>>> print(open('input_36.csv').read())   # CSV, C-alpha atoms
chain,number,residue,atom,x,y,z
A,330,MET,CA,125.1,44.7,78.4
A,331,LYS,CA,121.9,43.2,77.0
A,332,CYS,CA,120.7,39.9,78.5
A,333,LEU,CA,121.5,36.7,76.6
A,334,SER,CA,118.7,34.8,74.9
A,335,SER,CA,117.7,31.3,76.2
A,336,ALA,CA,119.2,29.8,73.0
A,337,GLU,CA,122.6,31.5,73.8
A,338,ILE,CA,122.4,30.2,77.3
A,339,ALA,CA,121.7,26.7,75.9
A,340,ARG,CA,124.9,26.9,74.0
A,341,ILE,CA,126.8,28.2,77.0
A,342,VAL,CA,125.5,25.4,79.2
A,343,THR,CA,126.6,22.9,76.5
A,344,THR,CA,130.0,24.3,75.7
A,345,GLY,CA,131.0,25.6,79.2
A,346,ASP,CA,132.2,28.9,77.8
A,347,VAL,CA,130.6,31.3,80.3
A,348,PRO,CA,130.9,35.0,79.4
A,349,SER,CA,131.6,37.5,82.2
A,350,HIS,CA,128.1,39.0,81.7
A,351,VAL,CA,126.4,35.9,83.1
A,352,ALA,CA,128.3,36.3,86.4
A,353,GLU,CA,127.1,39.8,86.8
A,354,CYS,CA,123.5,39.4,85.6
A,355,VAL,CA,120.9,37.9,87.9
A,356,ASP,CA,118.5,36.9,85.2
A,357,CYS,CA,121.1,35.3,82.9
A,358,ARG,CA,122.6,33.4,85.9
A,359,ARG,CA,119.2,32.1,86.9
A,360,GLU,CA,118.5,30.9,83.4
A,361,LEU,CA,121.9,29.3,83.3
A,362,GLU,CA,121.3,27.5,86.6
A,363,ARG,CA,117.9,26.3,85.4
A,364,GLN,CA,119.2,24.8,82.2
A,365,SER,CA,122.2,23.3,83.9
A,366,ALA,CA,120.0,21.6,86.5
A,367,THR,CA,117.8,20.1,83.7
A,368,ARG,CA,120.8,19.0,81.8
A,369,ASP,CA,122.3,17.4,85.0
A,370,ALA,CA,119.0,15.6,85.7
A,371,LEU,CA,119.0,14.2,82.2
A,372,ARG,CA,122.6,13.0,82.5
A,373,ALA,CA,121.7,11.2,85.7
A,374,LEU,CA,119.3,9.0,83.9
A,375,PRO,CA,120.1,5.3,83.5
A,376,VAL,CA,122.0,4.4,80.3
A,377,PRO,CA,120.1,2.0,78.1
A,378,SER,CA,122.0,-0.9,76.7
A,379,ALA,CA,121.1,-3.8,74.5
A,380,PRO,CA,121.3,-7.4,75.6
A,381,SER,CA,124.3,-9.0,73.9
A,382,GLU,CA,122.1,-11.6,72.2
A,383,HIS,CA,120.1,-8.8,70.6
A,384,ARG,CA,123.4,-7.1,69.6
A,385,ARG,CA,124.7,-10.1,67.7
A,386,ALA,CA,121.4,-10.8,66.0
A,387,ILE,CA,121.0,-7.1,64.9
A,388,LYS,CA,124.6,-7.1,63.6
A,389,ALA,CA,124.2,-10.3,61.6
A,390,GLU,CA,120.9,-9.4,60.1
A,391,ALA,CA,122.0,-5.8,59.2
A,392,MET,CA,125.2,-7.0,57.5
A,393,ALA,CA,123.4,-9.7,55.5
A,394,ALA,CA,120.7,-7.3,54.4
A,395,ALA,CA,123.2,-4.6,53.5
A,396,ASN,CA,125.2,-7.0,51.4
A,397,ILE,CA,122.2,-8.3,49.6
A,398,ALA,CA,121.1,-4.7,48.8
A,399,ALA,CA,124.7,-3.9,47.5
A,400,ARG,CA,124.7,-6.9,45.2
A,401,ARG,CA,121.3,-5.9,43.9
A,402,SER,CA,122.5,-2.4,43.3
A,403,ARG,CA,125.6,-3.7,41.4
A,404,LYS,CA,123.3,-5.8,39.2
A,405,LEU,CA,121.1,-2.8,38.5
A,406,VAL,CA,124.1,-0.7,37.5
A,407,GLY,CA,125.3,-3.5,35.2
A,408,SER,CA,121.8,-3.6,33.5
A,409,VAL,CA,121.7,0.2,33.1
A,410,ALA,CA,125.2,0.2,31.5
A,411,LEU,CA,124.0,-2.6,29.1
A,412,VAL,CA,120.9,-0.6,28.1
A,413,VAL,CA,123.0,2.6,27.6
A,414,ALA,CA,125.5,0.7,25.5
A,415,ILE,CA,122.7,-0.8,23.3
A,416,ALA,CA,120.9,2.5,23.0
A,417,ALA,CA,124.2,4.2,21.9
A,418,GLY,CA,124.8,1.5,19.4
A,419,LEU,CA,121.3,1.9,18.0
A,420,VAL,CA,121.6,5.7,17.8
A,421,ALA,CA,124.9,5.3,15.9
A,422,PHE,CA,123.3,2.8,13.6
A,423,ALA,CA,120.3,5.1,13.0
A,424,THR,CA,122.5,8.1,12.4
A,425,THR,CA,124.4,6.2,9.7
A,426,ARG,CA,121.2,5.1,8.1
A,427,PHE,CA,119.7,8.6,8.4
A,428,GLN,CA,122.6,10.0,6.4
A,429,ASN,CA,122.1,7.5,3.6
A,430,SER,CA,118.3,7.1,3.6
A,431,PRO,CA,115.8,9.1,1.6
A,432,SER,CA,113.1,8.5,4.3
A,433,PRO,CA,114.5,9.6,7.8
A,434,ILE,CA,111.1,9.6,9.6
A,435,SER,CA,110.5,5.9,9.0
A,436,ILE,CA,114.0,5.0,10.2
A,437,GLU,CA,113.5,7.0,13.5
A,438,ILE,CA,110.3,5.2,14.2
A,439,ALA,CA,111.9,1.8,13.6
A,440,SER,CA,114.8,2.8,15.9
A,441,ALA,CA,112.6,3.8,18.7
A,442,GLU,CA,110.7,0.6,18.5
A,443,SER,CA,113.9,-1.4,18.5
A,444,ILE,CA,115.2,0.5,21.6
A,445,GLY,CA,111.8,0.0,23.3
A,446,ALA,CA,111.8,-3.7,22.4
A,447,ARG,CA,115.4,-4.1,23.7
A,448,LEU,CA,114.5,-2.3,26.9
A,449,GLN,CA,111.7,-4.6,27.5
A,450,ILE,CA,113.9,-7.6,26.9
A,451,VAL,CA,116.6,-6.3,29.3
A,452,ALA,CA,113.9,-5.5,31.9
A,453,TYR,CA,112.7,-9.1,31.6
A,454,GLU,CA,116.2,-10.5,31.9
A,455,THR,CA,116.9,-8.5,35.0
A,456,ALA,CA,113.5,-9.4,36.7
A,457,PRO,CA,113.6,-11.9,39.5
A,458,ALA,CA,113.2,-15.5,38.6
A,459,SER,CA,109.7,-15.9,40.2
A,460,ARG,CA,108.3,-13.0,38.1
A,461,LYS,CA,109.8,-14.4,34.9
A,462,ALA,CA,108.2,-17.8,35.7
A,463,SER,CA,104.8,-16.3,36.3
A,464,GLY,CA,105.1,-14.0,33.3
A,465,ALA,CA,104.1,-11.2,35.6
A,466,ALA,CA,106.9,-8.8,34.5
A,467,GLU,CA,105.1,-5.4,34.0
A,468,PRO,CA,106.8,-3.1,31.6
A,469,GLY,CA,107.8,0.1,33.3
A,470,ALA,CA,107.1,-1.2,36.8
A,471,VAL,CA,109.9,-0.8,39.4
A,472,ALA,CA,110.3,-3.8,41.6
A,473,SER,CA,110.3,-2.6,45.2
A,474,GLU,CA,111.2,-5.9,46.7
A,475,PRO,CA,112.1,-8.6,44.2
A,476,PRO,CA,110.7,-11.9,45.6
A,477,GLY,CA,113.4,-14.1,44.2
A,478,LEU,CA,116.6,-12.6,45.7
A,479,PRO,CA,115.8,-12.2,49.4
A,480,ALA,CA,114.8,-15.9,49.8
A,481,ALA,CA,118.2,-16.5,51.4
A,482,LEU,CA,117.6,-13.6,53.8
A,483,THR,CA,114.2,-15.0,54.7
A,484,SER,CA,115.7,-18.3,55.6
A,485,PHE,CA,118.5,-16.5,57.5
A,486,ARG,CA,116.0,-14.4,59.4
A,487,ASP,CA,113.9,-17.4,60.2
A,488,ALA,CA,117.0,-19.0,61.5
A,489,TRP,CA,117.6,-16.1,63.8
A,490,VAL,CA,114.0,-16.2,65.1
A,491,ALA,CA,114.5,-19.9,65.9
A,492,LEU,CA,117.8,-19.2,67.6
A,493,ARG,CA,116.3,-16.4,69.7
A,494,ALA,CA,113.4,-18.7,70.6
A,495,GLY,CA,115.9,-21.4,71.7
A,496,ASP,CA,114.8,-23.8,68.9
A,497,ASN,CA,118.4,-24.6,68.1
A,498,ARG,CA,117.9,-27.6,65.9
A,499,ALA,CA,115.5,-25.7,63.7
A,500,ALA,CA,118.0,-22.9,63.6
A,501,VAL,CA,120.8,-25.2,62.4
A,502,ALA,CA,118.6,-26.5,59.6
A,503,LEU,CA,117.6,-23.0,58.5
A,504,PHE,CA,121.1,-21.6,58.7
A,505,ASP,CA,122.2,-24.5,56.5
A,506,ARG,CA,119.6,-23.4,54.0
A,507,SER,CA,121.0,-19.8,53.9
A,508,THR,CA,123.5,-20.6,51.1
A,509,ASP,CA,123.5,-17.3,49.4
A,510,PRO,CA,127.1,-15.9,49.4
A,511,ALA,CA,125.9,-12.6,51.0
A,512,VAL,CA,124.9,-14.5,54.2
A,513,ALA,CA,127.1,-17.6,53.9
A,514,GLU,CA,129.7,-16.4,56.4
A,515,GLU,CA,127.3,-15.4,59.1
A,516,ALA,CA,125.1,-18.4,58.5
A,517,THR,CA,128.0,-20.9,58.7
A,518,TYR,CA,129.2,-19.3,62.0
A,519,TRP,CA,125.8,-19.1,63.6
A,520,ALA,CA,124.9,-22.7,62.5
A,521,ALA,CA,127.9,-23.8,64.6
A,522,ILE,CA,126.7,-21.8,67.5
A,523,ALA,CA,123.2,-23.2,67.2
A,524,ALA,CA,124.6,-26.8,67.1
A,525,GLU,CA,126.6,-26.0,70.2
A,526,ARG,CA,123.5,-24.7,72.0
A,527,ALA,CA,121.6,-27.8,70.8
A,528,GLY,CA,124.2,-29.8,72.8
A,529,ASP,CA,125.6,-31.5,69.7
A,530,ASP,CA,129.3,-31.2,70.5
A,531,ALA,CA,130.6,-33.3,67.6
A,532,ASP,CA,128.6,-31.4,65.0
A,533,ALA,CA,129.5,-28.0,66.6
A,534,LYS,CA,133.2,-28.9,66.5
A,535,ARG,CA,133.0,-30.0,62.8
A,536,ARG,CA,131.1,-26.8,62.0
A,537,PHE,CA,133.5,-24.4,63.7
A,538,SER,CA,136.5,-26.1,62.0
A,539,ASN,CA,134.7,-25.9,58.7
A,540,PHE,CA,133.9,-22.2,59.3
A,541,ILE,CA,137.6,-21.4,60.0
A,542,ALA,CA,138.7,-23.2,56.9
A,543,ARG,CA,136.1,-21.5,54.7
A,544,PHE,CA,136.4,-18.0,56.1
A,545,PRO,CA,139.9,-17.5,57.5
A,546,SER,CA,139.7,-13.7,57.6
A,547,SER,CA,136.3,-13.5,59.2
A,548,PRO,CA,135.9,-11.3,62.3
A,549,TYR,CA,134.4,-14.4,63.9
A,550,VAL,CA,137.5,-16.6,63.5
A,551,GLU,CA,138.9,-15.8,66.9
A,552,GLN,CA,135.6,-16.7,68.6
A,553,ALA,CA,135.3,-19.9,66.6
A,554,ARG,CA,138.9,-20.9,67.6
A,555,ARG,CA,138.0,-20.2,71.3
A,556,ALA,CA,134.9,-22.3,70.9
A,557,LEU,CA,137.0,-25.2,69.5
A,558,GLU,CA,139.6,-24.9,72.3
A,559,ALA,CA,136.9,-25.0,74.9
A,560,ARG,CA,135.9,-28.5,73.9
B,101,MET,CA,135.6,-11.1,52.1
B,102,THR,CA,138.3,-9.0,53.8
B,103,GLY,CA,141.1,-8.9,51.2
B,104,LYS,CA,140.4,-5.4,50.1
B,105,LEU,CA,141.1,-3.9,53.5
B,106,ILE,CA,144.5,-5.5,53.6
B,107,GLN,CA,145.4,-3.8,50.3
B,108,LEU,CA,144.3,-0.5,51.7
B,109,ARG,CA,146.5,-0.7,54.8
B,110,PRO,CA,149.1,-3.4,54.4
B,111,ASP,CA,151.0,-2.6,57.7
B,112,GLY,CA,148.0,-1.8,59.9
B,113,SER,CA,145.3,-3.8,61.5
B,114,ILE,CA,141.6,-3.0,60.9
B,115,ALA,CA,141.1,-1.7,64.4
B,116,GLU,CA,143.6,1.1,63.6
B,117,LEU,CA,141.5,2.6,60.9
B,118,GLY,CA,139.8,5.9,61.5
B,119,ASP,CA,136.2,6.4,60.8
B,120,GLU,CA,136.6,7.9,57.3
B,121,ALA,CA,138.9,5.0,56.2
B,122,LEU,CA,136.5,2.6,57.8
B,123,ALA,CA,133.6,4.0,55.9
B,124,ALA,CA,135.7,3.9,52.7
B,125,ALA,CA,136.5,0.2,53.3
B,126,CYS,CA,132.9,-0.4,54.1
B,127,ALA,CA,131.9,1.1,50.8
B,128,THR,CA,133.9,-1.6,49.0
B,129,GLY,CA,131.7,-4.2,50.7
B,130,ASP,CA,134.4,-5.2,53.2
B,131,ALA,CA,132.8,-7.4,55.8
B,132,ALA,CA,135.4,-6.7,58.5
B,133,ALA,CA,135.0,-3.0,58.1
B,134,GLN,CA,131.2,-3.3,58.3
B,135,SER,CA,131.6,-5.4,61.4
B,136,LEU,CA,133.9,-2.8,63.0
B,137,ILE,CA,131.6,0.1,62.3
B,138,PHE,CA,128.9,-1.8,64.0
B,139,GLU,CA,131.0,-2.7,67.0
B,140,ARG,CA,132.3,0.8,67.4
B,141,HIS,CA,128.9,2.6,67.2
B,142,PHE,CA,126.2,0.1,68.1
B,143,GLY,CA,126.1,1.2,71.7
B,144,ALA,CA,125.6,4.9,70.8
B,145,VAL,CA,123.0,4.2,68.1
B,146,TYR,CA,121.1,1.8,70.4
B,147,ARG,CA,121.1,4.4,73.2
B,148,PHE,CA,119.9,7.2,70.9
B,149,VAL,CA,117.0,5.1,69.6
B,150,ALA,CA,116.1,3.8,73.1
B,151,ARG,CA,116.3,7.4,74.5
B,152,MET,CA,114.0,8.7,71.8
B,153,ARG,CA,111.3,6.8,73.7
B,154,VAL,CA,109.4,5.0,70.9
B,155,SER,CA,106.2,3.7,72.4
B,156,ASP,CA,106.9,0.1,71.5
B,157,ALA,CA,110.1,-1.1,73.2
B,158,ALA,CA,110.3,-4.1,71.0
B,159,ALA,CA,110.7,-1.8,68.0
B,160,ILE,CA,114.1,-0.6,69.3
B,161,ASP,CA,116.0,-3.6,67.9
B,162,ASP,CA,114.3,-3.2,64.5
B,163,LEU,CA,115.0,0.5,64.3
B,164,VAL,CA,118.7,0.1,65.3
B,165,GLN,CA,119.0,-2.7,62.6
B,166,ALA,CA,117.3,-0.5,60.0
B,167,THR,CA,119.8,2.3,60.9
B,168,PHE,CA,122.8,0.1,60.3
B,169,ILE,CA,121.4,-1.4,57.1
B,170,GLU,CA,120.9,2.1,55.7
B,171,ALA,CA,124.3,3.2,57.0
B,172,LEU,CA,126.2,0.2,55.5
B,173,ARG,CA,124.3,0.8,52.2
B,174,SER,CA,125.1,4.5,52.2
B,175,ALA,CA,128.7,4.2,53.3
B,176,PRO,CA,130.0,5.4,49.9
B,177,ARG,CA,128.2,8.8,50.5
B,178,PHE,CA,129.8,9.4,53.9
B,179,ARG,CA,131.8,12.7,53.8
B,180,GLY,CA,132.6,13.2,57.5
B,181,PRO,CA,133.4,14.7,59.7
B,182,ARG,CA,132.2,12.2,62.4
B,183,LEU,CA,130.8,8.8,61.6
B,184,GLN,CA,128.8,8.7,64.9
B,185,SER,CA,127.0,12.0,64.1
B,186,TRP,CA,126.3,10.7,60.6
B,187,LEU,CA,124.8,7.5,62.1
B,188,PHE,CA,122.7,9.6,64.5
B,189,GLY,CA,121.4,11.5,61.5
B,190,ILE,CA,120.4,8.3,59.8
B,191,ALA,CA,118.8,7.0,63.0
B,192,ALA,CA,116.8,10.2,63.3
B,193,ASN,CA,115.5,9.7,59.7
B,194,VAL,CA,114.6,6.1,60.4
B,195,LEU,CA,112.7,7.2,63.5
B,196,ARG,CA,110.8,9.9,61.7
B,197,SER,CA,109.6,7.4,59.1
B,198,TYR,CA,108.7,4.9,61.8
B,199,VAL,CA,106.8,7.5,63.8
B,200,ARG,CA,104.8,8.5,60.8
B,201,LYS,CA,103.7,4.9,60.3
B,202,GLU,CA,103.1,4.4,64.0
B,203,ILE,CA,100.8,7.4,64.2
B,204,ALA,CA,98.8,6.1,61.3
B,205,ARG,CA,98.6,2.6,62.9
B,206,LYS,CA,97.6,3.9,66.3
B,207,ARG,CA,94.9,6.1,64.9
B,208,ALA,CA,93.5,3.0,63.2
B,209,ILE,CA,93.8,1.0,66.5
B,210,ALA,CA,92.3,3.8,68.6
B,211,LEU,CA,89.1,3.5,66.6
B,212,VAL,CA,88.7,0.1,68.2
B,213,VAL,CA,90.6,0.1,71.5
B,214,PRO,CA,91.5,3.0,73.7
B,215,LEU,CA,95.3,3.3,74.0
B,216,GLU,CA,97.1,3.3,77.4
B,217,PRO,CA,100.4,5.1,77.9
B,218,THR,CA,103.4,2.7,78.2
B,219,THR,CA,105.4,2.6,81.4
B,220,LEU,CA,108.2,0.5,82.7
B,221,ASP,CA,107.5,-1.2,86.0
B,222,ASP,CA,111.0,-1.2,87.3
B,223,GLU,CA,111.7,2.6,87.0
B,224,ARG,CA,112.1,4.8,90.0
B,225,PRO,CA,109.3,7.5,90.2
B,226,ASP,CA,111.7,10.4,89.4
B,227,VAL,CA,113.2,8.5,86.5
B,228,ALA,CA,109.8,7.5,85.2
B,229,ARG,CA,108.7,11.2,85.4
B,230,LEU,CA,111.6,12.4,83.4
B,231,HIS,CA,111.3,9.7,80.8
B,232,ALA,CA,107.6,10.5,80.5
B,233,ALA,CA,108.5,14.2,80.1
B,234,ILE,CA,111.0,13.3,77.3
B,235,ALA,CA,108.5,11.1,75.6
B,236,ALA,CA,106.0,14.0,75.7
B,237,LEU,CA,108.3,16.4,73.9
B,238,PRO,CA,107.7,17.0,70.2
B,239,ARG,CA,110.1,14.9,68.1
B,240,LYS,CA,112.2,17.9,67.0
B,241,LEU,CA,112.9,18.9,70.6
B,242,ARG,CA,113.4,15.3,71.7
B,243,GLU,CA,116.1,14.8,69.0
B,244,VAL,CA,118.2,17.7,70.2
B,245,ILE,CA,117.8,16.9,73.9
B,246,VAL,CA,118.9,13.3,73.3
B,247,LEU,CA,121.8,14.2,71.0
B,248,VAL,CA,123.2,17.0,73.0
B,249,ASP,CA,122.3,16.5,76.6
B,250,LEU,CA,122.2,12.7,76.7
B,251,GLU,CA,124.7,11.6,74.0
B,252,GLY,CA,127.0,14.6,74.5
B,253,GLU,CA,127.3,15.5,70.8
B,254,THR,CA,128.7,19.0,70.1
B,255,GLY,CA,126.4,21.7,68.7
B,256,VAL,CA,128.1,21.5,65.3
B,257,ASP,CA,127.9,17.7,65.0
B,258,ALA,CA,124.3,17.5,66.3
B,259,ALA,CA,123.2,20.3,63.9
B,260,ALA,CA,124.9,18.5,61.0
B,261,ALA,CA,123.3,15.2,61.9
B,262,LEU,CA,119.8,16.7,62.0
B,263,ARG,CA,120.6,19.0,59.0
B,264,ILE,CA,119.6,22.1,60.8
B,265,ALA,CA,121.4,25.4,61.5
B,266,GLU,CA,123.3,25.6,64.7
B,267,ASN,CA,121.2,28.5,65.9
B,268,THR,CA,118.1,26.5,65.3
B,269,LEU,CA,119.6,23.7,67.4
B,270,TRP,CA,120.3,26.0,70.4
B,271,ARG,CA,116.8,27.5,70.2
B,272,ARG,CA,115.3,24.0,70.2
B,273,LEU,CA,117.5,22.9,73.0
B,274,ALA,CA,116.5,25.8,75.2
B,275,ARG,CA,112.8,25.1,74.5
B,276,ALA,CA,113.3,21.4,75.2
B,277,ARG,CA,115.0,22.1,78.5
B,278,GLU,CA,112.4,24.6,79.5
B,279,ARG,CA,109.6,22.1,78.8
B,280,LEU,CA,111.3,19.4,80.8
B,281,ARG,CA,111.9,21.7,83.7
B,282,ALA,CA,108.3,22.8,83.7
B,283,ALA,CA,107.1,19.1,83.5
B,284,LEU,CA,109.2,18.1,86.4
B,285,GLU,CA,108.1,21.1,88.5
B,286,VAL,CA,104.4,20.3,87.9
B,287,ALA,CA,105.1,16.7,89.0
B,288,ARG,CA,106.6,17.8,92.3
>>> encode(input="input_36.csv", output="structure tokens")
Amino acid sequence: MKCLSSAEIARIVTTGDVPSHVAECVDCRRELERQSATRDALRALPVPSAPSEHRRAIKAEAMAAANIAARRSRKLVGSVALVVAIAAGLVAFATTRFQNSPSPISIEIASAESIGARLQIVAYETAPASRKASGAAEPGAVASEPPGLPAALTSFRDAWVALRAGDNRAAVALFDRSTDPAVAEEATYWAAIAAERAGDDADAKRRFSNFIARFPSSPYVEQARRALEAR
Amino acid sequence: MTGKLIQLRPDGSIAELGDEALAAACATGDAAAQSLIFERHFGAVYRFVARMRVSDAAAIDDLVQATFIEALRSAPRFRGPRLQSWLFGIAANVLRSYVRKEIARKRAIALVVPLEPTTLDDERPDVARLHAAIAALPRKLREVIVLVDLEGETGVDAAAALRIAENTLWRRLARARERLRAALEVAR
């Protein structure tokens, strides 16, 4: 039988399904042993793991950011639906006028302008507040990171930086400022943790109780209850 | 925030949900499902990213976080079969994008300061040698070695995660093992 390729032997080492040819063929057996030895050396390497503090921070930030992105996406879908509905209405209107009008070309131009104007208005309405205020909304430009919406996330991230650095009182203040619904649950819980770490037991107790009352189905409720029982 | 999940499985607890149901619940924005996805798979994603040996250890947290942000956002597009393999695929994409930026940044820095290879002080010499050999592998070979030999993914799942044919995966794996073996022999 023809010798196996190194790719076939790689598969055999991984799956453990050794064909009879390998037992009989010196070259194939040698390649199998080499690849197995390398694989075993790799498996003996220490397993990396994240410190639990990092794990919690990564989780909270990832969930908050994903929720903000989802809300932004829902807003965008709503805006697109509105534009499509308006455009459909205008087309229906133009079609009706076209059937009754002696001058179809002028009606088409007027309709296109109306749609364009409406699109610009909708684009302006969906632009972040800061861009509206500055009048900087550029027609046709796609906002990569609207500056208005992630303010809550910025505050939330700053709170995490403060918490990681051990500046617990600053963390409490920053979490309190993270009032956006997308981060409210995480922020309320971690504000209580920060208050606890700051040594302010009464405030921590009040915050944990408040958290349980506001978010009774949160995955953090059990931890909050344990924290309350511990005091 | 978690009401939708109770409607999906009135008699079951969230921990009983399989990966596909969990991804579906996650796609509705359910915070408990998002949390459970994270809890179930954080360790594996962290290990994968750490084992890919990015030069800046501090970047690992950010890359893991970016992976989960992308995963939670893309949950509606999950079509199985295994959530963990799907997460590895996302992590591999996040890493590719990061590496491209890092190369550009390091080229810019190298114009000013010569770069030193990064090492960990507390590693045994044999472990450090193997880590250095893994880090020296081209990214495509490193991905398969980490997924198959270190994370124990099957060939089918690893190939799906990396969006390559299974035969390509085995060829890359054989080449990666050969390069590591050669690197370790040279070091002896």
>>> interface_residues(input="input_36.csv", of="chain A", to="chain B", cutoff="7 Å", atoms="all atoms listed in the file", output="count of residues only")
24
>>> residues_near_point(input="input_36.csv", point="(120.2, 30.5, 83.2)", cutoff="7 Å", atoms="only C-alpha atoms", output="mmCIF file with C-alpha atoms, in the coordinates of the input")
data_model
loop_
_atom_site.group_PDB
_atom_site.id
_atom_site.type_symbol
_atom_site.label_atom_id
_atom_site.label_comp_id
_atom_site.auth_asym_id
_atom_site.auth_seq_id
_atom_site.Cartn_x
_atom_site.Cartn_y
_atom_site.Cartn_z
ATOM 1 C CA ILE A 338 122.400 30.200 77.300
ATOM 2 C CA ASP A 356 118.500 36.900 85.200
ATOM 3 C CA CYS A 357 121.100 35.300 82.900
ATOM 4 C CA ARG A 358 122.600 33.400 85.900
ATOM 5 C CA ARG A 359 119.200 32.100 86.900
ATOM 6 C CA GLU A 360 118.500 30.900 83.400
ATOM 7 C CA LEU A 361 121.900 29.300 83.300
ATOM 8 C CA GLU A 362 121.300 27.500 86.600
ATOM 9 C CA ARG A 363 117.900 26.300 85.400
ATOM 10 C CA GLN A 364 119.200 24.800 82.200
#
>>> atom_distance(input="input_36.csv", atom1="CA of Asp532 in chain A", atom2="CA of Ile397 in chain A")
28.5 Å
>>> atom_distance(input="input_36.csv", atom1="CA of Ala386 in chain A", atom2="CA of Val199 in chain B")
23.5 Å
>>> residues_around(input="input_36.csv", residues="Asp529 in chain A", least_positions_apart="4", cutoff="12 Å", atoms="only C-alpha atoms", output="PyMOL selection string")
chain A and resi 497-498+501+520-525+533-536+560
>>> atom_distance(input="input_36.csv", atom1="CA of Ala513 in chain A", atom2="CA of Gln184 in chain B")
28.6 Å
>>> residues_near_point(input="input_36.csv", point="(118.9, -20.7, 60.1)", cutoff="9 Å", atoms="all atoms listed in the file", output="NGL selection string")
:A and (484-492 or 497 or 499-507 or 516 or 519-520 or 523)
